[in-house]
Number of protein chains: 2
Amino acid sequence: MNINGKPHRTIWVAGDGMSVDIIDQTKLPHELVIARLATLDDAATAIRDMLVRGAPLIGVTAAYGLCLALRDDASDAMLDHAAKKLEATRPTAVNLRAALARMRARLDAVAPSERARAAYGFAAELADEDVAQNRAIGEHGVRLLRDLRAAKPSSAPLQIMTHCNAGWLATVDVGTALAPVYTAHDSGLAVHVWVSETRPRNQGAYLTAWELGQHGVPHTVIADNAAGHLMQRGDVDAVIVGTDRTTRCGDVANKIGTYLKALAAREANVPFYAAVPSSSIDWSLDRGADIPIEERGPEEVTHVGPSRVVPAGSPVRNPAFDVTPARLVTALITERGVCEASRAGLEGLFRVTRA
Amino acid sequence: MNINGKPHRTIWVAGDGMSVDIIDQTKLPHELVIARLATLDDAATAIRDMLVRGAPLIGVTAAYGLCLALRDDASDAMLDHAAKKLEATRPTAVNLRAALARMRARLDAVAPSERARAAYGFAAELADEDVAQNRAIGEHGVRLLRDLRAAKPSSAPLQIMTHCNAGWLATVDVGTALAPVYTAHDSGLAVHVWVSETRPRNQGAYLTAWELGQHGVPHTVIADNAAGHLMQRGDVDAVIVGTDRTTRCGDVANKIGTYLKALAAREANVPFYAAVPSSSIDWSLDRGADIPIEERGPEEVTHVGPSRVVPAGSPVRNPAFDVTPARLVTALITERGVCEASRAGLEGLFRVTRA
C-alpha cells in the first residue's frame with residue numbers, strides 16, 4: 001500500500017541480496033524507520049520485540065530468519081536450532097509455526113550446499129502468497145460490504161469498526177481485516193473506519209490510523225472503551241478484525257479486547273467478521289480455550305512513552321490476546337471465500353480434513 | 001479513607017472558614033496536591049477541568065461553589081447566576097443538578113443577609129449525607145460479597161472487578177462501588193480488585209489503584225481490553241461499578257466502557273452490580289438512551305502525558321459515558337438496600353413515585 005503516495009511492502013530483501021529490510025513498527029506513527037536484519041538473532045529480536053508484528057508478517061519474517069541463519073551455516077543442526085529459536089519468540093500466532101514448518105519441510109529435502117539459496121526462494125514465495133491471499137480476502141470481503149451498503153438506508157459512508165492492526169502493516173502487503181476496506185475504498189465504495197486504539201500497545205492508534213491516513217481512507221480513532229457505545233447507538237455497520245490463530249471450529253484468537261467488540265456487535269445486531277488467511281487456521285485445535293495466551297510484560301500497561309500511568313506499587317496483568325467463540329462470529333473471510341465460523345464452514349472451503 | 005495511614009476526605013472547608021480545599025485529582029497518583037477554591041469561578045473550573053470528579057463529589061463541590069458565590073453577593077440574581085454556571089460545567093451527572101436544586105430550594109427561603117452562612121451549613125449537610133449514604137452502601141453491598149464468598153469453592157480471595165473510579169476519591173469519603181470492597185477488607189473478608197485502567201483519562205489506573213494501594217487493598221491493574229478475557233476465564237467473581245446517572249427504570253449511565261463489562265459479565269454469569277446513591281437516580285427519566293452523553297475533547301485520546309499516541313491527521317471521538325441497560329444489571333446497591341434494576345425495584349426501596 002502507499003506511504004506518501006508510493007507503494008511499499010513491510011519486508012523485503014535488501015540491496016545486498018541477503019539481508020532483509022523491514023519497517024520498524026515500534027517507531028510508527030512518529031517516524032518511518034527501515035531496520036536491516038542481517039542475522040538470525042536480528043530476526044528473532046525483531047519478532048520478539050515487535051519491530052514486526054501481525055501474525056502473517058511474523059510468519060514471513062521467521063521464514064527470512066531461517067534464510068539469515070543458513071547464510072553462514074546451512075547444516076541440519078543450524079536449521080534445527082534456528083527454527084526452534086524463531087518458534088520461541090511469540091507463542092500465540094500459528095502462522096509463525098506454520099511458516100517454519102513449511103520452510104523446514106522443503107529445506108530438509110535440499111542438500112546443505114544449496115539450502116541458503118533455496119531458502120530465499122521459498123521465503124519469497126511465502127511473502128508473495130501472503131499478498132495474493134490478502135488480495136483474495138479483500139475481494140471476498142468487499143462483497144459483504146457491498147451487501148451492507150445496499151441494505152443501508154442512508155447514503156452516509158459505510159461504518160466499519162476494527163481492532164488492533166490487521167492492515168498491511170500486519171502482513172507483507174494489503175492486510176487481512178483491512179483488505180476489504182482498502183478494496184472498497186479503492187473501488188469507490190465510501191467507507192469510514194472506527195479505529196480503536198488497542199491498549200496496551202496502541203496498535204490501532206499507532207499503526208491502523210497511520211496506514212489508513214497514508215492511503216487516504218477516512219477514519220476516526222476512539223478509546224477501546226467507546227466501541228460498545230458506538231454500536232449501541234447505531235454508528236457501526238460492521239466489525240472486521242484479524243486473527244492470530246483460528247481453530248478448525250472457528251474460535252478466533254485475536255488481540256485482547258476483540259472478544260468485547262464481538263459481544264457488543266451481537267447485542268447491537270452488527271455483523272462481526274474475522275479475516276482469516278488459511279495460514280492462521282490451526283487445524284489441530286477444536287477449542288479456542290486451548291490456545292495459549294501470551295502474557296506480556298507489565299511495562300506495556302504501566303508506561304505510555306515516558307509517562308508512568310500506574311502507581312509504582314500496583315501489580316499488573318497483561319494478557320495479549322483473547323478468544324472470541326465461533327458463535328459470536330458472523331462469518332470468516334478467507335482467501336477461498338466467506339464461510340460460517342464452524343468446522344463445517346472451514347472444511348467446506350478447504351475441502352480437507354486434517355489431523 | 002486513609003492516605004499514608006491518616007484519614008482524609010476529598011473536600012473540606014479550609015482553616016479560614018470560607019474557602020474550600022480539595023484534593024487536586026489531576027495530579028494523582030504522582031503527587032498529593034491540595035487546591036484551594038476561593039471563588040465561584042474556582043469551583044466551576046475545578047469541576048469542569050476535573051480537579052474533582054465522580055458524580056457525588058461533583059454535587060458537593062457544586063454546593064460549596066454556591067457558598068463561595070454567596071460570600072460577596074448573596075442576592076437572588078447571584079444565586080441564580082451561580083447555579084446556572086455550576087450546572088453548565090458537566091452535562092451527564094445528575095447529582096450536580098440535584099445538589100444545586102436542593103441548595104436552591106433551601107436558600108430561596110433564606111433572606112440574602114443570612115444566605116452565605118446558611119449555605120455553608122447546607123453544603124456540610126450534603127457532604128455528611130454523602131458519607132453516610134456510602135457507608136450504608138458498603139454495608140448492603142458487603143452482604144452480597146459474603147454470599148458470593150460462601151458460594152465460592154476455593155478459599156482464594158474474592159475477585160472483584162471495577163471500572164473507572166467510584167471509590168472514596170469520587171465521593172466525599174468511602175466511595176460508592178468501592179464501599180463494599182472497603183467494608184469487606186476492613187472486616188477481614190479477603191478481596192482482590194481488578195482495576196481496569198479506564199482510558200482515555202485513566203481514572204482506574206491513576207485513582208482507583210492509588211486509593212486501594214493507600215488503604216492496603218490487594219489489586220491488579222489491567223488494560224480495559226482484558227476485562228472480557230478475565231471474566232471468560234473465570235477470574236472474576238463480581239463486577240461493581242458506580243454511576244453518574246441511573247434512570248428510574250434502572251438503566252445505568254457510567255464511565256465509557258462500563259457497558260462492555262456488563263456484556264462480558266452476563267456472558268460469563270458473573271453478577272454485575274451498580275452502586276447507586278439515591279442522589280444519582282434521575283426520577284424524571286425512563287430510558288437510558290435519553291441521558292445526554294458528554295463528548296469530551298480529543299486531546300484526552302490523542303495524548304498521554306507528553307506523548308502523542310494518535311497520528312496528527314487522525315480525527316478522534318471521545319464520548320465520556322455509556323449506558324448499561326437495566327437487563328444487564330444484576331442488582332442496584334443503594335443506601336436503602338439492594339434492589340432489582342427496575343422501576344419496581346427502585347420504587348420499592350424509595351417508596352415514592354415522583355414525577
# chains A, B, ... in the order shown; residues from 1 in each chain; ligands from 1

$ residues_around --residues "region 158-174 of chain B" --least-positions-apart "3" --cutoff "6 Å" --atoms "only C-alpha atoms" --output "ChimeraX atom specification"
/B:9-10,53-54,56-57,131,177-179,191-196,198,203-204,208,236-242

$ write_last_selection --atoms "N, CA and C atoms" --output "PDB file, in the first residue's frame"
ATOM      1  N   ARG B   9     -10.767  13.258  53.831  1.00  0.00           N
ATOM      2  CA  ARG B   9     -11.882  13.409  52.902  1.00  0.00           C
ATOM      3  C   ARG B   9     -11.334  14.018  51.610  1.00  0.00           C
ATOM      4  N   THR B  10     -12.196  14.165  50.609  1.00  0.00           N
ATOM      5  CA  THR B  10     -11.760  14.734  49.328  1.00  0.00           C
ATOM      6  C   THR B  10     -12.042  16.230  49.245  1.00  0.00           C
ATOM      7  N   ARG B  53     -13.855  14.962  40.447  1.00  0.00           N
ATOM      8  CA  ARG B  53     -14.716  14.224  39.531  1.00  0.00           C
ATOM      9  C   ARG B  53     -15.389  13.122  40.331  1.00  0.00           C
ATOM     10  N   GLY B  54     -16.302  12.422  39.666  1.00  0.00           N
ATOM     11  CA  GLY B  54     -17.121  11.467  40.405  1.00  0.00           C
ATOM     12  C   GLY B  54     -18.424  12.170  40.748  1.00  0.00           C
ATOM     13  N   PRO B  56     -20.921  11.979  42.941  1.00  0.00           N
ATOM     14  CA  PRO B  56     -21.254  12.510  44.280  1.00  0.00           C
ATOM     15  C   PRO B  56     -20.358  13.693  44.666  1.00  0.00           C
ATOM     16  N   LEU B  57     -19.075  13.597  44.366  1.00  0.00           N
ATOM     17  CA  LEU B  57     -18.176  14.689  44.739  1.00  0.00           C
ATOM     18  C   LEU B  57     -18.453  15.944  43.912  1.00  0.00           C
ATOM     19  N   VAL B 131     -21.378  10.827  52.861  1.00  0.00           N
ATOM     20  CA  VAL B 131     -20.576   9.843  53.588  1.00  0.00           C
ATOM     21  C   VAL B 131     -21.474   8.789  54.233  1.00  0.00           C
ATOM     22  N   ALA B 177     -18.983   2.356  44.531  1.00  0.00           N
ATOM     23  CA  ALA B 177     -18.678   0.992  44.102  1.00  0.00           C
ATOM     24  C   ALA B 177     -17.639   0.341  45.013  1.00  0.00           C
ATOM     25  N   LEU B 178     -16.702   1.124  45.525  1.00  0.00           N
ATOM     26  CA  LEU B 178     -15.667   0.536  46.378  1.00  0.00           C
ATOM     27  C   LEU B 178     -16.072   0.467  47.850  1.00  0.00           C
ATOM     28  N   ALA B 179     -17.234   1.038  48.203  1.00  0.00           N
ATOM     29  CA  ALA B 179     -17.651   0.971  49.608  1.00  0.00           C
ATOM     30  C   ALA B 179     -17.782  -0.483  50.077  1.00  0.00           C
ATOM     31  N   VAL B 191     -10.423  -9.768  49.755  1.00  0.00           N
ATOM     32  CA  VAL B 191     -10.831  -9.374  48.403  1.00  0.00           C
ATOM     33  C   VAL B 191      -9.593  -8.967  47.610  1.00  0.00           C
ATOM     34  N   HIS B 192      -9.705  -9.147  46.303  1.00  0.00           N
ATOM     35  CA  HIS B 192      -8.693  -8.645  45.368  1.00  0.00           C
ATOM     36  C   HIS B 192      -9.452  -7.919  44.272  1.00  0.00           C
ATOM     37  N   VAL B 193      -8.995  -6.737  43.889  1.00  0.00           N
ATOM     38  CA  VAL B 193      -9.746  -5.912  42.939  1.00  0.00           C
ATOM     39  C   VAL B 193      -9.010  -5.841  41.603  1.00  0.00           C
ATOM     40  N   TRP B 194      -9.702  -6.186  40.513  1.00  0.00           N
ATOM     41  CA  TRP B 194      -9.211  -5.953  39.155  1.00  0.00           C
ATOM     42  C   TRP B 194      -9.564  -4.515  38.785  1.00  0.00           C
ATOM     43  N   VAL B 195      -8.562  -3.713  38.564  1.00  0.00           N
ATOM     44  CA  VAL B 195      -8.753  -2.296  38.280  1.00  0.00           C
ATOM     45  C   VAL B 195      -8.528  -2.067  36.792  1.00  0.00           C
ATOM     46  N   SER B 196      -9.569  -1.765  36.042  1.00  0.00           N
ATOM     47  CA  SER B 196      -9.321  -1.501  34.618  1.00  0.00           C
ATOM     48  C   SER B 196      -8.913  -0.035  34.465  1.00  0.00           C
ATOM     49  N   THR B 198      -9.189   2.363  32.429  1.00  0.00           N
ATOM     50  CA  THR B 198     -10.231   3.334  32.106  1.00  0.00           C
ATOM     51  C   THR B 198      -9.721   4.479  31.244  1.00  0.00           C
ATOM     52  N   GLN B 203      -8.711   6.954  34.993  1.00  0.00           N
ATOM     53  CA  GLN B 203      -9.063   7.115  36.404  1.00  0.00           C
ATOM     54  C   GLN B 203      -8.887   5.821  37.188  1.00  0.00           C
ATOM     55  N   GLY B 204      -9.024   4.685  36.494  1.00  0.00           N
ATOM     56  CA  GLY B 204      -8.790   3.418  37.189  1.00  0.00           C
ATOM     57  C   GLY B 204      -7.339   3.302  37.622  1.00  0.00           C
ATOM     58  N   THR B 208      -8.109   4.773  41.227  1.00  0.00           N
ATOM     59  CA  THR B 208      -8.564   3.586  41.957  1.00  0.00           C
ATOM     60  C   THR B 208      -7.373   2.785  42.471  1.00  0.00           C
ATOM     61  N   VAL B 236     -13.088 -13.703  37.714  1.00  0.00           N
ATOM     62  CA  VAL B 236     -13.829 -12.593  38.320  1.00  0.00           C
ATOM     63  C   VAL B 236     -15.086 -13.152  38.995  1.00  0.00           C
ATOM     64  N   ASP B 237     -15.299 -12.782  40.256  1.00  0.00           N
ATOM     65  CA  ASP B 237     -16.490 -13.236  40.981  1.00  0.00           C
ATOM     66  C   ASP B 237     -17.627 -12.230  40.929  1.00  0.00           C
ATOM     67  N   ALA B 238     -17.316 -10.963  40.765  1.00  0.00           N
ATOM     68  CA  ALA B 238     -18.364  -9.942  40.698  1.00  0.00           C
ATOM     69  C   ALA B 238     -17.782  -8.671  40.088  1.00  0.00           C
ATOM     70  N   VAL B 239     -18.625  -7.927  39.388  1.00  0.00           N
ATOM     71  CA  VAL B 239     -18.268  -6.598  38.900  1.00  0.00           C
ATOM     72  C   VAL B 239     -19.091  -5.597  39.705  1.00  0.00           C
ATOM     73  N   ILE B 240     -18.440  -4.565  40.207  1.00  0.00           N
ATOM     74  CA  ILE B 240     -19.177  -3.482  40.874  1.00  0.00           C
ATOM     75  C   ILE B 240     -18.713  -2.161  40.271  1.00  0.00           C
ATOM     76  N   VAL B 241     -19.660  -1.378  39.766  1.00  0.00           N
ATOM     77  CA  VAL B 241     -19.333  -0.079  39.177  1.00  0.00           C
ATOM     78  C   VAL B 241     -20.158   1.003  39.863  1.00  0.00           C
ATOM     79  N   GLY B 242     -19.781   2.225  39.649  1.00  0.00           N
ATOM     80  CA  GLY B 242     -20.568   3.356  40.117  1.00  0.00           C
ATOM     81  C   GLY B 242     -21.540   3.793  39.037  1.00  0.00           C
TER      82      GLY B 242
END

$ residues_around --residues "region 143-156 of chain B" --least-positions-apart "6" --cutoff "12 Å" --atoms "only C-alpha atoms" --output "MDAnalysis selection string"
chainID B and resid 136:137 178:185 187:192 234:240 270:273 275 330:333 337:339

$ interface_residues --of "chain B" --to "chain A" --cutoff "8 Å" --atoms "only C-alpha atoms" --output "ChimeraX atom specification"
/B:29-30,198-200,202,205-206,209-210,213,219-229,256-261,263-264,301,304-307,309-311,313-319,322-323

$ write_last_selection --atoms "C-alpha atoms" --output "PDB file, in the first residue's frame"
ATOM      1  CA  PRO B  29      -1.135   9.299  41.538  1.00  0.00           C
ATOM      2  CA  HIS B  30       2.126  11.193  41.182  1.00  0.00           C
ATOM      3  CA  THR B 198     -10.231   3.334  32.106  1.00  0.00           C
ATOM      4  CA  ARG B 199      -8.978   5.092  29.044  1.00  0.00           C
ATOM      5  CA  PRO B 200      -8.953   7.796  27.987  1.00  0.00           C
ATOM      6  CA  ASN B 202      -7.107   6.526  33.214  1.00  0.00           C
ATOM      7  CA  ALA B 205      -5.018   3.328  36.947  1.00  0.00           C
ATOM      8  CA  TYR B 206      -4.455   6.814  38.365  1.00  0.00           C
ATOM      9  CA  ALA B 209      -5.199   1.819  42.059  1.00  0.00           C
ATOM     10  CA  TRP B 210      -3.796   4.675  44.133  1.00  0.00           C
ATOM     11  CA  GLY B 213      -2.979   0.907  47.465  1.00  0.00           C
ATOM     12  CA  HIS B 219      -5.440  -5.123  43.486  1.00  0.00           C
ATOM     13  CA  THR B 220      -4.120  -5.572  39.943  1.00  0.00           C
ATOM     14  CA  VAL B 221      -4.324  -3.085  37.088  1.00  0.00           C
ATOM     15  CA  ILE B 222      -5.368  -4.266  33.617  1.00  0.00           C
ATOM     16  CA  ALA B 223      -5.945  -2.654  30.250  1.00  0.00           C
ATOM     17  CA  ASP B 224      -9.663  -2.173  29.688  1.00  0.00           C
ATOM     18  CA  ASN B 225      -9.430  -4.670  26.849  1.00  0.00           C
ATOM     19  CA  ALA B 226      -8.540  -7.504  29.243  1.00  0.00           C
ATOM     20  CA  ALA B 227     -11.815  -7.397  31.186  1.00  0.00           C
ATOM     21  CA  GLY B 228     -13.714  -9.807  28.937  1.00  0.00           C
ATOM     22  CA  HIS B 229     -10.908 -12.340  28.827  1.00  0.00           C
ATOM     23  CA  ILE B 256     -17.412   4.824  28.930  1.00  0.00           C
ATOM     24  CA  GLY B 257     -16.593   1.109  28.790  1.00  0.00           C
ATOM     25  CA  THR B 258     -18.921   0.070  31.610  1.00  0.00           C
ATOM     26  CA  TYR B 259     -21.373  -1.367  29.086  1.00  0.00           C
ATOM     27  CA  LEU B 260     -18.708  -3.692  27.647  1.00  0.00           C
ATOM     28  CA  LYS B 261     -18.007  -5.063  31.130  1.00  0.00           C
ATOM     29  CA  LEU B 263     -21.932  -7.626  28.432  1.00  0.00           C
ATOM     30  CA  ALA B 264     -18.925  -9.740  29.384  1.00  0.00           C
ATOM     31  CA  VAL B 301      -7.393  10.378  23.466  1.00  0.00           C
ATOM     32  CA  VAL B 304      -0.959  10.548  27.315  1.00  0.00           C
ATOM     33  CA  GLY B 305       1.187  12.933  29.319  1.00  0.00           C
ATOM     34  CA  PRO B 306       3.562  14.488  26.801  1.00  0.00           C
ATOM     35  CA  SER B 307       3.248  11.563  24.367  1.00  0.00           C
ATOM     36  CA  VAL B 309      -0.481   8.453  20.728  1.00  0.00           C
ATOM     37  CA  VAL B 310      -2.630   9.221  17.656  1.00  0.00           C
ATOM     38  CA  PRO B 311      -1.194  10.401  14.314  1.00  0.00           C
ATOM     39  CA  GLY B 313      -4.057  13.961  10.977  1.00  0.00           C
ATOM     40  CA  SER B 314      -6.426  11.412  12.516  1.00  0.00           C
ATOM     41  CA  PRO B 315      -9.770  12.641  13.930  1.00  0.00           C
ATOM     42  CA  VAL B 316     -10.995  11.411  17.319  1.00  0.00           C
ATOM     43  CA  ARG B 317     -14.350  10.781  19.013  1.00  0.00           C
ATOM     44  CA  ASN B 318     -14.422  10.830  22.797  1.00  0.00           C
ATOM     45  CA  PRO B 319     -17.784  10.008  24.415  1.00  0.00           C
ATOM     46  CA  ASP B 322     -22.186   4.885  28.084  1.00  0.00           C
ATOM     47  CA  VAL B 323     -25.460   3.368  29.208  1.00  0.00           C
TER      48      VAL B 323
END

$ residues_around --residues "Gln133 (chain A)" --least-positions-apart "6" --cutoff "9 Å" --atoms "only C-alpha atoms" --output "list in words"
Thr176, Pro277, Ser278, Thr334, Glu335 and Arg336 of chain A

$ atom_distance --atom1 "CA of Cys67 (chain B)" --atom2 "CA of Val13 (chain B)"
10.6 Å

$ residues_around --residues "Ala44 (chain B)" --least-positions-apart "2" --cutoff "8 Å" --atoms "only C-alpha atoms" --output "PyMOL selection string"
chain B and resi 40-42+46-48+62+65+85-86+89

$ select_by_dssp --residues "region 27-189 of chain B" --states "helix (DSSP H, G or I)" --output "ChimeraX atom specification"
/B:40-48,55-70,76-87,94-107,112-151,168-170,179-186

$ residues_around --residues "Ala35 (chain B)" --least-positions-apart "5" --cutoff "12 Å" --atoms "only C-alpha atoms" --output "list in words"
Thr10, Ile11, Trp12, Val13, Ala14, Ser19, Val20, Asp21, Ile22, Ile23, Asp24, Gln25, Thr26, Lys27, Asp42, Ala43, Thr45, Ala46, Leu51 and Val52 of chain B

$ residues_around --residues "Gly288 (chain A)" --least-positions-apart "5" --cutoff "10 Å" --atoms "only C-alpha atoms" --output "list in words"
Arg245, Thr246, Thr247, Arg248, Cys249, Gly250, Asp251, Val252, Ala253, Asp282, Asp322, Val323, Thr324, Pro325 and Ala326 of chain A

$ write_last_selection --atoms "all heavy atoms" --output "CSV table (one decimal), in the first residue's frame"
chain,number,residue,atom,x,y,z
A,245,ARG,N,-4.8,-16.7,15.5
A,245,ARG,CA,-5.0,-18.1,15.4
A,245,ARG,C,-6.5,-18.4,15.5
A,245,ARG,O,-7.2,-17.9,16.4
A,245,ARG,CB,-4.3,-18.9,16.5
A,245,ARG,CG,-4.3,-20.4,16.2
A,245,ARG,CD,-3.8,-21.2,17.4
A,245,ARG,NE,-2.4,-20.9,17.9
A,245,ARG,CZ,-1.7,-21.8,18.6
A,245,ARG,NH1,-2.1,-23.0,18.8
A,245,ARG,NH2,-0.5,-21.4,19.1
A,246,THR,N,-7.0,-19.1,14.5
A,246,THR,CA,-8.4,-19.6,14.5
A,246,THR,C,-8.4,-21.1,14.5
A,246,THR,O,-7.7,-21.7,13.7
A,246,THR,CB,-9.1,-19.0,13.3
A,246,THR,OG1,-9.3,-17.5,13.5
A,246,THR,CG2,-10.5,-19.6,13.1
A,247,THR,N,-9.2,-21.6,15.4
A,247,THR,CA,-9.3,-23.1,15.5
A,247,THR,C,-10.1,-23.7,14.3
A,247,THR,O,-10.8,-22.9,13.6
A,247,THR,CB,-10.0,-23.6,16.8
A,247,THR,OG1,-11.4,-23.3,16.7
A,247,THR,CG2,-9.3,-23.0,18.0
A,248,ARG,N,-10.0,-24.9,14.1
A,248,ARG,CA,-10.7,-25.5,13.0
A,248,ARG,C,-12.2,-25.5,13.2
A,248,ARG,O,-13.0,-25.7,12.3
A,248,ARG,CB,-10.3,-27.0,12.7
A,248,ARG,CG,-10.6,-27.9,13.9
A,248,ARG,CD,-10.1,-29.3,13.6
A,248,ARG,NE,-10.2,-30.1,14.8
A,248,ARG,CZ,-9.6,-31.3,14.9
A,248,ARG,NH1,-8.9,-31.8,13.9
A,248,ARG,NH2,-9.7,-32.0,16.0
A,249,CYS,N,-12.7,-25.1,14.4
A,249,CYS,CA,-14.1,-25.0,14.7
A,249,CYS,C,-14.5,-23.5,14.6
A,249,CYS,O,-15.7,-23.2,14.9
A,249,CYS,CB,-14.5,-25.6,16.0
A,249,CYS,SG,-14.2,-27.4,16.1
A,250,GLY,N,-13.6,-22.6,14.3
A,250,GLY,CA,-14.0,-21.2,14.1
A,250,GLY,C,-13.9,-20.3,15.3
A,250,GLY,O,-14.3,-19.2,15.3
A,251,ASP,N,-13.3,-20.8,16.4
A,251,ASP,CA,-13.0,-19.9,17.5
A,251,ASP,C,-11.8,-19.0,17.1
A,251,ASP,O,-10.8,-19.5,16.6
A,251,ASP,CB,-12.6,-20.7,18.8
A,251,ASP,CG,-13.8,-21.4,19.4
A,251,ASP,OD1,-15.0,-21.1,19.0
A,251,ASP,OD2,-13.6,-22.3,20.2
A,252,VAL,N,-11.9,-17.7,17.4
A,252,VAL,CA,-11.0,-16.7,16.9
A,252,VAL,C,-10.1,-16.1,18.0
A,252,VAL,O,-10.6,-15.3,18.8
A,252,VAL,CB,-11.7,-15.6,16.1
A,252,VAL,CG1,-10.7,-14.5,15.6
A,252,VAL,CG2,-12.5,-16.2,14.9
A,253,ALA,N,-8.8,-16.4,18.0
A,253,ALA,CA,-7.9,-15.7,18.9
A,253,ALA,C,-7.4,-14.5,18.2
A,253,ALA,O,-6.9,-14.6,17.1
A,253,ALA,CB,-6.8,-16.6,19.4
A,282,ASP,N,-5.6,-23.1,12.8
A,282,ASP,CA,-4.9,-24.2,13.5
A,282,ASP,C,-5.8,-25.4,13.3
A,282,ASP,O,-6.8,-25.6,14.1
A,282,ASP,CB,-4.7,-23.9,14.9
A,282,ASP,CG,-3.9,-24.9,15.7
A,282,ASP,OD1,-3.8,-26.1,15.1
A,282,ASP,OD2,-3.3,-24.6,16.7
A,322,ASP,N,-7.3,-12.5,23.3
A,322,ASP,CA,-8.4,-13.2,23.9
A,322,ASP,C,-9.1,-14.1,22.8
A,322,ASP,O,-8.6,-14.0,21.6
A,322,ASP,CB,-9.4,-12.3,24.6
A,322,ASP,CG,-10.0,-11.2,23.6
A,322,ASP,OD1,-10.1,-11.4,22.4
A,322,ASP,OD2,-10.5,-10.2,24.2
A,323,VAL,N,-10.0,-14.9,23.2
A,323,VAL,CA,-10.7,-15.8,22.2
A,323,VAL,C,-12.1,-15.4,22.1
A,323,VAL,O,-12.9,-15.3,23.1
A,323,VAL,CB,-10.5,-17.2,22.7
A,323,VAL,CG1,-11.3,-18.2,21.8
A,323,VAL,CG2,-9.0,-17.6,22.8
A,324,THR,N,-12.5,-15.2,20.9
A,324,THR,CA,-13.9,-14.9,20.5
A,324,THR,C,-14.5,-16.3,20.1
A,324,THR,O,-14.1,-16.8,19.0
A,324,THR,CB,-14.1,-13.9,19.5
A,324,THR,OG1,-13.5,-12.6,20.0
A,324,THR,CG2,-15.5,-13.7,19.1
A,325,PRO,N,-15.5,-16.8,20.8
A,325,PRO,CA,-16.1,-18.1,20.4
A,325,PRO,C,-16.8,-18.0,19.1
A,325,PRO,O,-17.4,-16.9,18.7
A,325,PRO,CB,-17.0,-18.4,21.5
A,325,PRO,CG,-17.3,-17.2,22.3
A,325,PRO,CD,-16.1,-16.3,22.1
A,326,ALA,N,-16.8,-19.0,18.3
A,326,ALA,CA,-17.3,-19.1,17.0
A,326,ALA,C,-18.8,-18.6,16.9
A,326,ALA,O,-19.2,-17.9,16.0
A,326,ALA,CB,-17.3,-20.5,16.4

$ residues_around --residues "Ala101 (chain A)" --least-positions-apart "4" --cutoff "10 Å" --atoms "only C-alpha atoms" --output "ChimeraX atom specification"
/A:63,83,87,95-97,105-107

$ atom_distance --atom1 "CA of Asp108 (chain A)" --atom2 "CA of Leu79 (chain A)"
8.5 Å
